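Visitor: Got a structure for you, written out below as structure tokens; questions coming shortly.
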Amino acid sequence: MLPNTRPEWAALQKHYEATKGAHLRDLFAADSARGTRLTAEAVGIYLDYSKNRITDETLKLLFALAEASDLKGRTAAMFGGEKINITEGRAVLHTALRAPRGATVTVDGKNVVPEVHAVLDAMGAFADRVRSGEWTGHTGKPIKNVVNIGIGGSDLGPVMANEALRNYAQRNLNFRFLSNVDGTDFAETVRDLDPAETLFIVCSKTFTTQETMTNAESARQWSLATLKDTSSVAKHFVAVSTNAAEVTKFGIDTANMFGFWDWVGGRYSMDSAVGLSTMLALGSEQFAELLSGFRAMDEHFRTAPLAQNLPAIMGLLSVWYGSFYGAETVAVLPYDQYLKRFPAYLQQLTMESNGKRVTLGGDAVTYQTGSVYWGEPGTNGQHSFYQLIHQGTKLIPCDFIAFCKSLNPVGRHHDLLMANVFAQAEALAFGKTAEQCRAEKVPEPLVPHKTFPGNRPSNVLLVDKLTPFALGSLVALYEHIVFTQGVIWNIGSFDQWGVELGKALASKIVPELESASAPDLKHDTSTNALITRYRAGKK
Ligand code: G6Q
């Protein structure tokens, strides 16, 4: 059903019309406890959502919508292994990837937890051998460089985690990530590496993705050009995949293949074998801490009442802005340099999941769904795009993410960094009035330019310290925000037909670019002309 036909949605629409003019300045002035009351805390994350354009009534109505949408029931269905990815007929069980040893999660009558832990154990044992230098390359040298070859869900999580947890990584291992089919990515990734010291992880669920297989083949040729012997492939290439036949065909020993399952979506897979590079960097104990962060947030989301439930609150607030205020984007602004790839990671998680235009039943939606997620770490963003958030014409809800303790305490740096987070959220909410400008003797012609309207919403997430546990809990927080949004919008968050289309379209054109004789082009006139021009230009 279309959620905007629910009475709870209509009540929110009416409430929006009645309250859209309210200013955060007045909401704070009317309630001296607002800044501590509209907060929630769980799994080491303190969420201050008081600077949102909401009242207690808004929350009540949003929770009523969540209940009418059966958020609890749908959550239980996901955790219980029901095939909620209906267009692919699959269960959605990334939560089983962090289930404790001994737990039971059943898919098609089979408990999958023992297999999950068998793969984790194999990853851990392999990581120990590489990290200790026991695993050597073909010439007997220990591995110094690890290159993860993968794209999309087989790249963005590992890249983000590698940056985010660099402080905890074994520093004598050098990690690189090769994703783009652009030969430049390949050339620049390997240019200063010694094949005898380089291990490639070919990370592809299907082992058929064009970009990844092209890069893997070039890596194999590059490696063999120095090592000469095809038996060296087994020492320098391992695979993360569900496709044993293709892995064997490539020359990788299936003893060095780390598997996962069709109930793990690519963008939800960084804590599966796709995280092998993370395991190599962190070792099995710290990887286990990452998983416990995920698990703690899973348990919180599954069990906490809506009014204390971080993912539910944040998911509902994004629905409030997206579907009622018409806000088109959400800015994610981590004030931690280690999280510099976190917004890029979230772009896939959020936009591939909820960039959908029909309901689960196939009806075209008549309301806004998935928002554009974007962002950069603070304070850098303040010196570029924050201007538009403060004084532009668009409403851009922001998520600030910050840590009480720095992993690199240097002089005054951390206090300065944190002062900026608090100041930005404050300025966005309260702005600066014309009267305040005049009191500061701003010349009259400049008053409109120096006035800040405020009333720009934000969440502040405050965490003690960026640890593997904290990262796991933050990623799971956003996974469940996405799930909450998808349930309210009644869309399928776990397929990605748009990505599949891209894969199919390009493979049709490849032979037309590579054929020696002029191909018979049957595209539109624009595509035909571009192909013809490229064929002439590349000679
Ligand atoms: C993720 C998507 C997509 C996928 C890549 C790589 O949810 O399905 O980003 O992860 O296309 O696919 P392979 O792992 O099969 O190479």
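Please note that chains go A, B, ... in the order of the structure tokens, that every chain numbers its residues from 1, and that ligands are numbered from 1 in the order shown.
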Write out as an mmCIF file with C-alpha atoms, in the first residue's frame each polymer residue whose atoms come within 10 Å of segment 436-441 of chain A, counting only C-alpha atoms; drop sequence neighbours fewer than 5 positions from it.
Guide:
```
data_model
loop_
_atom_site.group_PDB
_atom_site.id
_atom_site.type_symbol
_atom_site.label_atom_id
_atom_site.label_comp_id
_atom_site.auth_asym_id
_atom_site.auth_seq_id
_atom_site.Cartn_x
_atom_site.Cartn_y
_atom_site.Cartn_z
ATOM 1 C CA GLY A 431 21.098 31.848 13.002
ATOM 2 C CA LEU A 446 25.055 44.667 4.604
ATOM 3 C CA VAL A 447 22.423 43.593 7.139
ATOM 4 C CA PRO A 448 20.510 41.277 4.745
ATOM 5 C CA HIS A 449 23.785 39.657 3.688
ATOM 6 C CA LYS A 450 24.961 39.096 7.237
ATOM 7 C CA THR A 451 21.630 37.815 8.523
ATOM 8 C CA PHE A 452 21.358 34.060 9.022
#
```
Visitor: Can you pull out the residues contacting Tyr335 of chain A? Cut-off 10 Å, using only C-alpha atoms, and skip same-chain residues under 6 positions away; I want them as a list in words.
Guide: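 Everything that qualifies: Glu376, Pro377, Gly378, Thr379, Asn380, Gly381, Phe400, Ile401, Ala402, Phe403, His414, Leu417, Met418, Asn420 and Val421 of chain A.
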Visitor: Of the residues A:Asp524, A:Glu285, A:Asp262, A:Asp182, which is the one nearest to ligand 1, using only C-alpha atoms and all ligand atoms?
Guide: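 Smallest separation from ligand 1 among the options: A:Asp262.
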Visitor: Neighbouring residues of ligand 1 are defined here as those with any atom at most 6 Å from a ligand atom, counting only C-alpha atoms and all ligand atoms; list them as a list in words.
Guide: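 Here is the list of contacting residues: Ile151, Gly152, Gly153, Ser154, Ser204, Lys205, Thr206, Phe207, Thr209, Gly265, Gly266 and Arg267 of chain A.
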Visitor: Any chance you could export the current selection's all heavy atoms as a JSON list (two decimals), in the first residue's frame?
Guide:
```
[["chain", "number", "residue", "atom", "x", "y", "z"],
["A", 151, "ILE", "N", 34.69, -3.65, -6.44],
["A", 151, "ILE", "CA", 33.99, -2.38, -6.74],
["A", 151, "ILE", "C", 32.65, -2.38, -6.03],
["A", 151, "ILE", "O", 32.12, -3.43, -5.66],
["A", 151, "ILE", "CB", 33.85, -2.20, -8.28],
["A", 151, "ILE", "CG1", 33.49, -0.76, -8.64],
["A", 151, "ILE", "CG2", 32.84, -3.18, -8.88],
["A", 151, "ILE", "CD1", 33.76, -0.39, -10.10],
["A", 152, "GLY", "N", 32.10, -1.18, -5.82],
["A", 152, "GLY", "CA", 30.78, -1.05, -5.17],
["A", 152, "GLY", "C", 30.84, -1.63, -3.77],
["A", 152, "GLY", "O", 31.74, -1.31, -2.98],
["A", 153, "GLY", "N", 29.94, -2.54, -3.48],
["A", 153, "GLY", "CA", 29.88, -3.14, -2.16],
["A", 153, "GLY", "C", 31.13, -3.94, -1.82],
["A", 153, "GLY", "O", 31.39, -4.21, -0.65],
["A", 154, "SER", "N", 31.91, -4.33, -2.81],
["A", 154, "SER", "CA", 33.13, -5.09, -2.56],
["A", 154, "SER", "C", 34.35, -4.17, -2.46],
["A", 154, "SER", "O", 35.49, -4.65, -2.52],
["A", 154, "SER", "CB", 33.32, -6.14, -3.67],
["A", 154, "SER", "OG", 32.24, -7.04, -3.65],
["A", 204, "SER", "N", 34.84, -10.31, -5.04],
["A", 204, "SER", "CA", 33.66, -10.16, -5.88],
["A", 204, "SER", "C", 32.68, -11.28, -5.56],
["A", 204, "SER", "O", 33.01, -12.46, -5.73],
["A", 204, "SER", "CB", 34.06, -10.23, -7.36],
["A", 204, "SER", "OG", 32.91, -10.24, -8.17],
["A", 205, "LYS", "N", 31.52, -10.88, -5.12],
["A", 205, "LYS", "CA", 30.50, -11.87, -4.77],
["A", 205, "LYS", "C", 30.24, -12.80, -5.96],
["A", 205, "LYS", "O", 30.27, -14.00, -5.84],
["A", 205, "LYS", "CB", 29.23, -11.11, -4.38],
["A", 205, "LYS", "CG", 28.09, -11.95, -3.91],
["A", 205, "LYS", "CD", 27.01, -11.03, -3.32],
["A", 205, "LYS", "CE", 25.69, -11.73, -3.16],
["A", 205, "LYS", "NZ", 24.67, -10.85, -2.56],
["A", 206, "THR", "N", 30.06, -12.20, -7.14],
["A", 206, "THR", "CA", 29.70, -12.99, -8.32],
["A", 206, "THR", "C", 30.92, -13.52, -9.06],
["A", 206, "THR", "O", 30.83, -14.50, -9.78],
["A", 206, "THR", "CB", 28.92, -12.11, -9.30],
["A", 206, "THR", "OG1", 29.72, -10.92, -9.55],
["A", 206, "THR", "CG2", 27.58, -11.70, -8.74],
["A", 207, "PHE", "N", 32.06, -12.88, -8.91],
["A", 207, "PHE", "CA", 33.29, -13.17, -9.65],
["A", 207, "PHE", "C", 33.06, -13.03, -11.16],
["A", 207, "PHE", "O", 33.72, -13.67, -11.97],
["A", 207, "PHE", "CB", 33.85, -14.56, -9.31],
["A", 207, "PHE", "CG", 35.32, -14.52, -8.95],
["A", 207, "PHE", "CD1", 35.75, -13.93, -7.77],
["A", 207, "PHE", "CD2", 36.29, -15.04, -9.81],
["A", 207, "PHE", "CE1", 37.10, -13.87, -7.44],
["A", 207, "PHE", "CE2", 37.64, -14.98, -9.49],
["A", 207, "PHE", "CZ", 38.05, -14.39, -8.31],
["A", 209, "THR", "N", 31.98, -9.61, -12.24],
["A", 209, "THR", "CA", 31.87, -8.16, -12.45],
["A", 209, "THR", "C", 33.00, -7.69, -13.37],
["A", 209, "THR", "O", 34.17, -7.93, -13.10],
["A", 209, "THR", "CB", 31.90, -7.43, -11.10],
["A", 209, "THR", "OG1", 30.84, -7.96, -10.31],
["A", 209, "THR", "CG2", 31.72, -5.94, -11.26],
["A", 265, "GLY", "N", 23.80, -8.65, 1.05],
["A", 265, "GLY", "CA", 23.87, -7.71, -0.06],
["A", 265, "GLY", "C", 25.25, -7.05, -0.10],
["A", 265, "GLY", "O", 25.88, -6.85, 0.95],
["A", 266, "GLY", "N", 25.72, -6.70, -1.28],
["A", 266, "GLY", "CA", 27.06, -6.10, -1.43],
["A", 266, "GLY", "C", 27.29, -4.94, -0.48],
["A", 266, "GLY", "O", 28.30, -4.86, 0.22],
["A", 267, "ARG", "N", 26.33, -4.02, -0.43],
["A", 267, "ARG", "CA", 26.52, -2.81, 0.39],
["A", 267, "ARG", "C", 26.35, -3.07, 1.88],
["A", 267, "ARG", "O", 26.52, -2.16, 2.69],
["A", 267, "ARG", "CB", 25.59, -1.70, -0.10],
["A", 267, "ARG", "CG", 24.13, -2.07, -0.12],
["A", 267, "ARG", "CD", 23.32, -1.06, -0.93],
["A", 267, "ARG", "NE", 21.92, -1.43, -1.07],
["A", 267, "ARG", "CZ", 21.44, -2.25, -2.00],
["A", 267, "ARG", "NH1", 22.26, -2.83, -2.84],
["A", 267, "ARG", "NH2", 20.15, -2.51, -2.08]]
```
Visitor: Enumerate the residues of segment 64-100 of chain A with a DSSP assignment of helix (DSSP H, G or I), computed from the backbone, and present them as a ChimeraX atom specification.
Guide: /A:64-68,71-79,94-98
